[in-house]
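*Asks:* Handing over run-v7.pdb, PDB, C-alpha atoms and all ligand atoms.
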```pdb
ATOM      1  CA  MET A1259       8.221 117.089-126.897  1.00  0.00           C
ATOM      2  CA  THR A1260       9.161 113.836-128.598  1.00  0.00           C
ATOM      3  CA  HIS A1261      11.754 114.628-131.202  1.00  0.00           C
ATOM      4  CA  ALA A1262      10.785 113.032-134.505  1.00  0.00           C
ATOM      5  CA  THR A1263      13.948 110.946-134.601  1.00  0.00           C
ATOM      6  CA  GLU A1264      13.099 109.480-131.164  1.00  0.00           C
ATOM      7  CA  GLY A1265       9.535 108.672-132.210  1.00  0.00           C
ATOM      8  CA  GLY A1266      10.769 105.996-134.601  1.00  0.00           C
ATOM      9  CA  SER A1267      12.346 105.900-138.002  1.00  0.00           C
ATOM     10  CA  LEU A1268      10.766 105.559-141.392  1.00  0.00           C
ATOM     11  CA  ILE A1269      10.234 101.903-142.290  1.00  0.00           C
ATOM     12  CA  PRO A1270      10.119 101.006-146.002  1.00  0.00           C
ATOM     13  CA  THR A1271       6.589 100.109-147.097  1.00  0.00           C
ATOM     14  CA  GLY A1272       7.824  97.806-149.866  1.00  0.00           C
ATOM     15  CA  SER A1273       6.546  99.979-152.708  1.00  0.00           C
ATOM     16  CA  GLY A1274       9.481 101.455-154.630  1.00  0.00           C
ATOM     17  CA  VAL A1275       7.545 104.495-155.830  1.00  0.00           C
ATOM     18  CA  ILE A1276       6.005 105.333-152.467  1.00  0.00           C
ATOM     19  CA  ASP A1277       9.269 104.743-150.594  1.00  0.00           C
ATOM     20  CA  ALA A1278      11.191 107.027-152.967  1.00  0.00           C
ATOM     21  CA  GLU A1279       8.627 109.784-152.439  1.00  0.00           C
ATOM     22  CA  HIS A1280       8.696 109.246-148.661  1.00  0.00           C
ATOM     23  CA  SER A1281      12.433 109.573-148.664  1.00  0.00           C
ATOM     24  CA  SER A1282      12.368 112.914-150.569  1.00  0.00           C
ATOM     25  CA  ILE A1283       9.767 114.285-148.164  1.00  0.00           C
ATOM     26  CA  LEU A1284      11.752 113.059-145.173  1.00  0.00           C
ATOM     27  CA  ASP A1285      14.834 114.870-146.541  1.00  0.00           C
ATOM     28  CA  LEU A1286      12.886 118.152-146.577  1.00  0.00           C
ATOM     29  CA  LEU A1287      11.571 117.567-143.052  1.00  0.00           C
ATOM     30  CA  SER A1288      14.975 116.468-141.737  1.00  0.00           C
ATOM     31  CA  ALA A1289      16.616 119.654-143.039  1.00  0.00           C
ATOM     32  CA  MET A1290      13.988 121.726-141.206  1.00  0.00           C
ATOM     33  CA  THR A1291      14.226 119.833-137.923  1.00  0.00           C
ATOM     34  CA  ALA A1292      18.036 119.768-137.982  1.00  0.00           C
ATOM     35  CA  GLY A1293      18.201 123.508-137.494  1.00  0.00           C
ATOM     36  CA  GLY A1294      17.802 124.548-141.132  1.00  0.00           C
ATOM     37  CA  PRO A1295      15.451 127.333-142.156  1.00  0.00           C
ATOM     38  CA  VAL A1296      11.701 126.779-141.793  1.00  0.00           C
ATOM     39  CA  GLY A1297      10.509 129.598-144.011  1.00  0.00           C
ATOM     40  CA  LEU A1298       8.058 130.188-146.792  1.00  0.00           C
ATOM     41  CA  ALA A1299      10.275 128.587-149.480  1.00  0.00           C
ATOM     42  CA  GLU A1300      10.822 125.372-147.495  1.00  0.00           C
ATOM     43  CA  LEU A1301       7.186 125.046-146.443  1.00  0.00           C
ATOM     44  CA  THR A1302       5.885 125.713-149.952  1.00  0.00           C
ATOM     45  CA  ALA A1303       8.257 123.100-151.384  1.00  0.00           C
ATOM     46  CA  LEU A1304       7.079 120.644-148.720  1.00  0.00           C
ATOM     47  CA  SER A1305       3.421 121.349-149.457  1.00  0.00           C
ATOM     48  CA  HIS A1306       3.910 120.664-153.187  1.00  0.00           C
ATOM     49  CA  GLU A1307       5.911 117.507-152.644  1.00  0.00           C
ATOM     50  CA  VAL A1308       3.410 116.152-150.115  1.00  0.00           C
ATOM     51  CA  ALA A1309       0.414 116.970-152.362  1.00  0.00           C
ATOM     52  CA  GLU A1310       2.033 115.099-155.268  1.00  0.00           C
ATOM     53  CA  HIS A1311       2.825 112.167-153.031  1.00  0.00           C
ATOM     54  CA  PHE A1312      -0.735 111.981-151.715  1.00  0.00           C
ATOM     55  CA  ALA A1313      -1.971 111.939-155.323  1.00  0.00           C
ATOM     56  CA  THR A1314       0.251 108.876-155.925  1.00  0.00           C
ATOM     57  CA  GLU A1315      -1.288 107.137-152.928  1.00  0.00           C
ATOM     58  CA  THR A1316      -4.839 108.065-153.945  1.00  0.00           C
ATOM     59  CA  VAL A1317      -4.405 105.985-157.122  1.00  0.00           C
ATOM     60  CA  GLU A1318      -3.331 102.983-155.023  1.00  0.00           C
ATOM     61  CA  MET A1319      -6.322 103.418-152.703  1.00  0.00           C
ATOM     62  CA  ALA A1320      -8.735 101.907-155.229  1.00  0.00           C
ATOM     63  CA  VAL A1321      -8.006  98.563-153.541  1.00  0.00           C
ATOM     64  CA  LEU A1322      -9.134  99.755-150.093  1.00  0.00           C
ATOM     65  CA  ALA A1323     -12.626  99.387-148.667  1.00  0.00           C
ATOM     66  CA  THR A1324     -14.535 102.696-148.742  1.00  0.00           C
ATOM     67  CA  ASP A1325     -14.260 103.459-145.011  1.00  0.00           C
ATOM     68  CA  ARG A1326     -10.520 102.825-144.924  1.00  0.00           C
ATOM     69  CA  ARG A1327      -9.990 104.860-148.073  1.00  0.00           C
ATOM     70  CA  GLU A1328     -11.968 107.756-146.607  1.00  0.00           C
ATOM     71  CA  ARG A1329     -10.020 107.602-143.325  1.00  0.00           C
ATOM     72  CA  HIS A1330      -6.710 107.651-145.202  1.00  0.00           C
ATOM     73  CA  GLU A1331      -7.820 110.517-147.480  1.00  0.00           C
ATOM     74  CA  GLN A1332      -9.037 112.460-144.436  1.00  0.00           C
ATOM     75  CA  ALA A1333      -5.649 112.017-142.746  1.00  0.00           C
ATOM     76  CA  HIS A1334      -3.985 113.387-145.897  1.00  0.00           C
ATOM     77  CA  ARG A1335      -6.348 116.380-146.075  1.00  0.00           C
ATOM     78  CA  SER A1336      -5.747 117.243-142.463  1.00  0.00           C
ATOM     79  CA  TYR A1337      -1.941 116.985-142.831  1.00  0.00           C
ATOM     80  CA  LEU A1338      -1.946 119.189-145.923  1.00  0.00           C
ATOM     81  CA  ALA A1339      -4.112 121.689-144.045  1.00  0.00           C
ATOM     82  CA  SER A1340      -1.521 121.769-141.211  1.00  0.00           C
ATOM     83  CA  ILE A1341       1.276 122.452-143.702  1.00  0.00           C
ATOM     84  CA  ASP A1342      -0.772 125.113-145.468  1.00  0.00           C
ATOM     85  CA  ALA A1343      -1.571 126.783-142.136  1.00  0.00           C
ATOM     86  CA  LEU A1344       2.185 127.078-141.526  1.00  0.00           C
ATOM     87  CA  VAL A1345       2.644 128.434-145.072  1.00  0.00           C
ATOM     88  CA  GLY A1346       0.064 131.100-144.090  1.00  0.00           C
ATOM     89  CA  THR A1347       1.992 131.850-140.880  1.00  0.00           C
ATOM     90  CA  ALA A1348       5.215 132.287-142.846  1.00  0.00           C
ATOM     91  CA  GLU A1349       3.446 134.486-145.407  1.00  0.00           C
ATOM     92  CA  ARG A1350       2.359 136.820-142.603  1.00  0.00           C
ATOM     93  CA  GLY A1351       5.977 137.043-141.528  1.00  0.00           C
ATOM     94  CA  ALA A1352       5.317 135.229-138.249  1.00  0.00           C
ATOM     95  CA  PRO A1353       7.882 132.688-137.061  1.00  0.00           C
ATOM     96  CA  VAL A1354       7.499 128.977-137.773  1.00  0.00           C
ATOM     97  CA  THR A1355       9.515 127.072-135.215  1.00  0.00           C
ATOM     98  CA  SER A1356      11.511 123.874-135.372  1.00  0.00           C
ATOM     99  CA  ASP A1357       8.881 122.418-132.999  1.00  0.00           C
ATOM    100  CA  ASP A1358       6.276 122.963-135.745  1.00  0.00           C
ATOM    101  CA  ALA A1359       8.556 121.191-138.223  1.00  0.00           C
ATOM    102  CA  ASN A1360       9.195 118.443-135.692  1.00  0.00           C
ATOM    103  CA  ARG A1361       5.457 117.821-135.342  1.00  0.00           C
ATOM    104  CA  LEU A1362       5.112 117.576-139.127  1.00  0.00           C
ATOM    105  CA  MET A1363       7.928 115.053-139.197  1.00  0.00           C
ATOM    106  CA  LEU A1364       6.473 112.968-136.364  1.00  0.00           C
ATOM    107  CA  TRP A1365       3.103 112.727-138.105  1.00  0.00           C
ATOM    108  CA  PHE A1366       4.772 111.836-141.379  1.00  0.00           C
ATOM    109  CA  ILE A1367       6.810 108.978-139.914  1.00  0.00           C
ATOM    110  CA  VAL A1368       3.901 107.533-137.940  1.00  0.00           C
ATOM    111  CA  HIS A1369       1.492 107.805-140.887  1.00  0.00           C
ATOM    112  CA  SER A1370       3.978 106.239-143.306  1.00  0.00           C
ATOM    113  CA  ASN A1371       4.717 103.366-140.939  1.00  0.00           C
ATOM    114  CA  THR A1372       1.041 102.603-140.314  1.00  0.00           C
ATOM    115  CA  ALA A1373      -1.573 103.763-142.857  1.00  0.00           C
ATOM    116  CA  ASP A1374       0.807 103.676-145.830  1.00  0.00           C
ATOM    117  CA  THR A1375       2.219 100.282-144.932  1.00  0.00           C
ATOM    118  CA  GLU A1376      -1.351  98.990-144.700  1.00  0.00           C
ATOM    119  CA  LEU A1377      -2.130 100.519-148.106  1.00  0.00           C
ATOM    120  CA  VAL A1378       0.861  98.894-149.810  1.00  0.00           C
ATOM    121  CA  GLU A1379       0.028  95.551-148.201  1.00  0.00           C
ATOM    122  CA  ALA A1380      -3.605  95.789-149.389  1.00  0.00           C
ATOM    123  CA  ALA A1381      -2.419  96.601-152.928  1.00  0.00           C
ATOM    124  CA  ARG A1382      -0.014  93.653-152.844  1.00  0.00           C
ATOM    125  CA  ARG A1383      -2.744  91.250-151.680  1.00  0.00           C
ATOM    126  CA  ALA A1384      -5.120  92.501-154.393  1.00  0.00           C
ATOM    127  CA  GLY A1385      -2.427  91.620-156.958  1.00  0.00           C
ATOM    128  CA  ASP A1386      -2.160  88.119-155.491  1.00  0.00           C
ATOM    129  CA  GLU A1387      -5.738  87.123-156.343  1.00  0.00           C
ATOM    130  CA  PRO A1388      -5.859  83.790-158.171  1.00  0.00           C
ATOM    131  CA  PRO A1389      -6.385  83.929-161.934  1.00  0.00           C
ATOM    132  CA  MET A1390      -9.808  83.105-163.365  1.00  0.00           C
ATOM    133  CA  ILE A1391      -9.954  79.417-164.266  1.00  0.00           C
ATOM    134  CA  SER A1392     -11.635  78.846-167.586  1.00  0.00           C
ATOM    135  CA  MET A1393     -14.297  76.117-167.690  1.00  0.00           C
ATOM    136  CA  ASP A1394     -13.619  75.642-171.414  1.00  0.00           C
ATOM    137  CA  GLU A1395     -10.253  73.983-170.821  1.00  0.00           C
ATOM    138  CA  TRP A1396     -11.822  71.511-168.421  1.00  0.00           C
ATOM    139  CA  LEU A1397     -14.660  70.739-170.851  1.00  0.00           C
ATOM    140  CA  ASP A1398     -12.135  70.104-173.649  1.00  0.00           C
ATOM    141  CA  GLY A1399     -11.097  66.938-171.810  1.00  0.00           C
ATOM    142  CA  LEU A1400     -14.578  65.389-171.984  1.00  0.00           C
ATOM    143  CA  ASP A1401     -16.256  63.272-174.669  1.00  0.00           C
ATOM    144  CA  GLU A1402     -17.753  65.333-177.412  1.00  0.00           C
ATOM    145  CA  ALA A1403     -21.356  64.511-176.457  1.00  0.00           C
ATOM    146  CA  ASP A1404     -20.821  65.459-172.812  1.00  0.00           C
ATOM    147  CA  ARG A1405     -18.916  68.554-173.807  1.00  0.00           C
ATOM    148  CA  ASP A1406     -21.654  69.759-176.119  1.00  0.00           C
ATOM    149  CA  ALA A1407     -24.338  69.028-173.536  1.00  0.00           C
ATOM    150  CA  LEU A1408     -22.486  70.898-170.789  1.00  0.00           C
ATOM    151  CA  ARG A1409     -21.581  73.824-172.994  1.00  0.00           C
ATOM    152  CA  SER A1410     -25.092  74.455-174.210  1.00  0.00           C
TER     153      SER A1410
HETATM  154 FE    FE B1501       2.808 108.301-147.790  1.00  0.00          FE
HETATM  155 FE    FE B1502      -0.748 108.103-146.805  1.00  0.00          FE
END
```
In structure tokens, write the structure found in this file.

*Replies:*
Amino acid sequence: MTHATEGGSLIPTGSGVIDAEHSSILDLLSAMTAGGPVGLAELTALSHEVAEHFATETVEMAVLATDRRERHEQAHRSYLASIDALVGTAERGAPVTSDDANRLMLWFIVHSNTADTELVEAARRAGDEPPMISMDEWLDGLDEADRDALRS
């Protein structure tokens, strides 16, 4: 199995808020994959943190085309379902292994480096749209007769 740290490292997306949230989630995942406990408390904390983070990204997704937004939301739903399935395993007292945690970490790094980077870039480009240019200012430079004719 590819260990999460060999699958690549987390690359900053360029959004301060999203990167800070990614880094907190990665801390939780790193503790689990570095031999720390992977129990109900850790998985529940992860589930909450990830759900809050996905809510942050959902707000940013307004700039995405519908199909891309739906694909990204679907990826989030499926990841949360994987975490919640492990929460259920831990609740039943069954073991959750470091391999399970490793898989969660791999997905998280790959998703952050691809879909999230794309999202931040789309949001940045949307903010770069040129300002509306008012026709009034241009008309102000014309003779009064032309101006009135063009404005009417
Ligand atoms: Fe993210
Ligand atoms: Fe995402």

*Asks:* Using only C-alpha atoms, pick whichever of A:His1330, A:Leu1400, A:Met1390, A:Glu1379 has the shortest atom-to-atom distance to A:Thr1271.

*Replies:*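 Ranking A:His1330, A:Leu1400, A:Met1390, A:Glu1379 by distance to A:Thr1271, first place goes to A:Glu1379.
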
*Asks:* Dump the neighbourhood of ligand FE 1501 (chain B) as a list in words: all residues within 10 Å, distances computed on all atoms listed in the file.

*Replies:* Thr1271, Ile1276, Asp1277, Ala1278, Glu1279, His1280, Ser1281, Ile1283, Val1308, His1311, Phe1312, Ala1313, Thr1314, Glu1315, Thr1316, His1330, His1334, Phe1366, Ile1367, Val1368, His1369, Ser1370, Asn1371, Thr1372, Ala1373, Asp1374, Thr1375, Leu1377 and Val1378 of chain A

*Asks:* Rounded to one decimal in Å, what is the spacing between atom CA of A:Asn1360 and atom CA of A:Val1317?

*Replies:*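 Atom CA of A:Val1317 lies at a distance of 28.3 Å from atom CA of A:Asn1360.
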
*Asks:* Considering all atoms listed in the file, can you say which of A:Arg1383, A:His1261, A:Arg1326, A:Arg1405 comes closest to ligand FE 1502 (chain B)?

*Replies:*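 That would be A:Arg1326, the residue with the smallest distance to ligand FE 1502 (chain B).
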
*Asks:* For atom CA of A:Ala1407 and atom CA of A:Asp1394, determine how far apart the two atoms are, in Å to one decimal place.

*Replies:*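 Distance between the two atoms: 12.8 Å.
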
*Asks:* To one decimal place, how far is atom CA of A:Glu1376 from atom CA of A:Arg1361 in Å?

*Replies:*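 Rounded to one decimal, the two atoms are 22.1 Å apart.
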
*Asks:* Taking the file as shown, find all residues satisfying the PyMOL selection byres (((chain A and resi 1345) around 12) and not hetatm) and write them as a list of chain:residue names.

*Replies:* A:Val1296, A:Gly1297, A:Leu1298, A:Ala1299, A:Glu1300, A:Leu1301, A:Thr1302, A:Ala1303, A:Leu1304, A:Ser1305, A:His1306, A:Leu1338, A:Ala1339, A:Ser1340, A:Ile1341, A:Asp1342, A:Ala1343, A:Leu1344, A:Gly1346, A:Thr1347, A:Ala1348, A:Glu1349, A:Arg1350, A:Gly1351, A:Ala1352, A:Pro1353, A:Val1354, A:Asp1358, A:Ala1359

*Asks:* Can you spit out the residues from that selection as a PDB file, keeping the file's coordinate frame, using C-alpha atoms?

*Replies:*
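This is the output file selection02.pdb:
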```
ATOM      1  CA  VAL A1296      11.701 126.779-141.793  1.00  0.00           C
ATOM      2  CA  GLY A1297      10.509 129.598-144.011  1.00  0.00           C
ATOM      3  CA  LEU A1298       8.058 130.188-146.792  1.00  0.00           C
ATOM      4  CA  ALA A1299      10.275 128.587-149.480  1.00  0.00           C
ATOM      5  CA  GLU A1300      10.822 125.372-147.495  1.00  0.00           C
ATOM      6  CA  LEU A1301       7.186 125.046-146.443  1.00  0.00           C
ATOM      7  CA  THR A1302       5.885 125.713-149.952  1.00  0.00           C
ATOM      8  CA  ALA A1303       8.257 123.100-151.384  1.00  0.00           C
ATOM      9  CA  LEU A1304       7.079 120.644-148.720  1.00  0.00           C
ATOM     10  CA  SER A1305       3.421 121.349-149.457  1.00  0.00           C
ATOM     11  CA  HIS A1306       3.910 120.664-153.187  1.00  0.00           C
ATOM     12  CA  LEU A1338      -1.946 119.189-145.923  1.00  0.00           C
ATOM     13  CA  ALA A1339      -4.112 121.689-144.045  1.00  0.00           C
ATOM     14  CA  SER A1340      -1.521 121.769-141.211  1.00  0.00           C
ATOM     15  CA  ILE A1341       1.276 122.452-143.702  1.00  0.00           C
ATOM     16  CA  ASP A1342      -0.772 125.113-145.468  1.00  0.00           C
ATOM     17  CA  ALA A1343      -1.571 126.783-142.136  1.00  0.00           C
ATOM     18  CA  LEU A1344       2.185 127.078-141.526  1.00  0.00           C
ATOM     19  CA  GLY A1346       0.064 131.100-144.090  1.00  0.00           C
ATOM     20  CA  THR A1347       1.992 131.850-140.880  1.00  0.00           C
ATOM     21  CA  ALA A1348       5.215 132.287-142.846  1.00  0.00           C
ATOM     22  CA  GLU A1349       3.446 134.486-145.407  1.00  0.00           C
ATOM     23  CA  ARG A1350       2.359 136.820-142.603  1.00  0.00           C
ATOM     24  CA  GLY A1351       5.977 137.043-141.528  1.00  0.00           C
ATOM     25  CA  ALA A1352       5.317 135.229-138.249  1.00  0.00           C
ATOM     26  CA  PRO A1353       7.882 132.688-137.061  1.00  0.00           C
ATOM     27  CA  VAL A1354       7.499 128.977-137.773  1.00  0.00           C
ATOM     28  CA  ASP A1358       6.276 122.963-135.745  1.00  0.00           C
ATOM     29  CA  ALA A1359       8.556 121.191-138.223  1.00  0.00           C
TER      30      ALA A1359
END
```

*Asks:* With distances taken over all atoms listed in the file, which residue among A:Thr1324, A:Ser1356, A:Ser1267, A:Ser1336 lies nearest ligand FE 1502 (chain B)?

*Replies:*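 Among the listed residues, the smallest separation from ligand FE 1502 (chain B) belongs to A:Ser1336.
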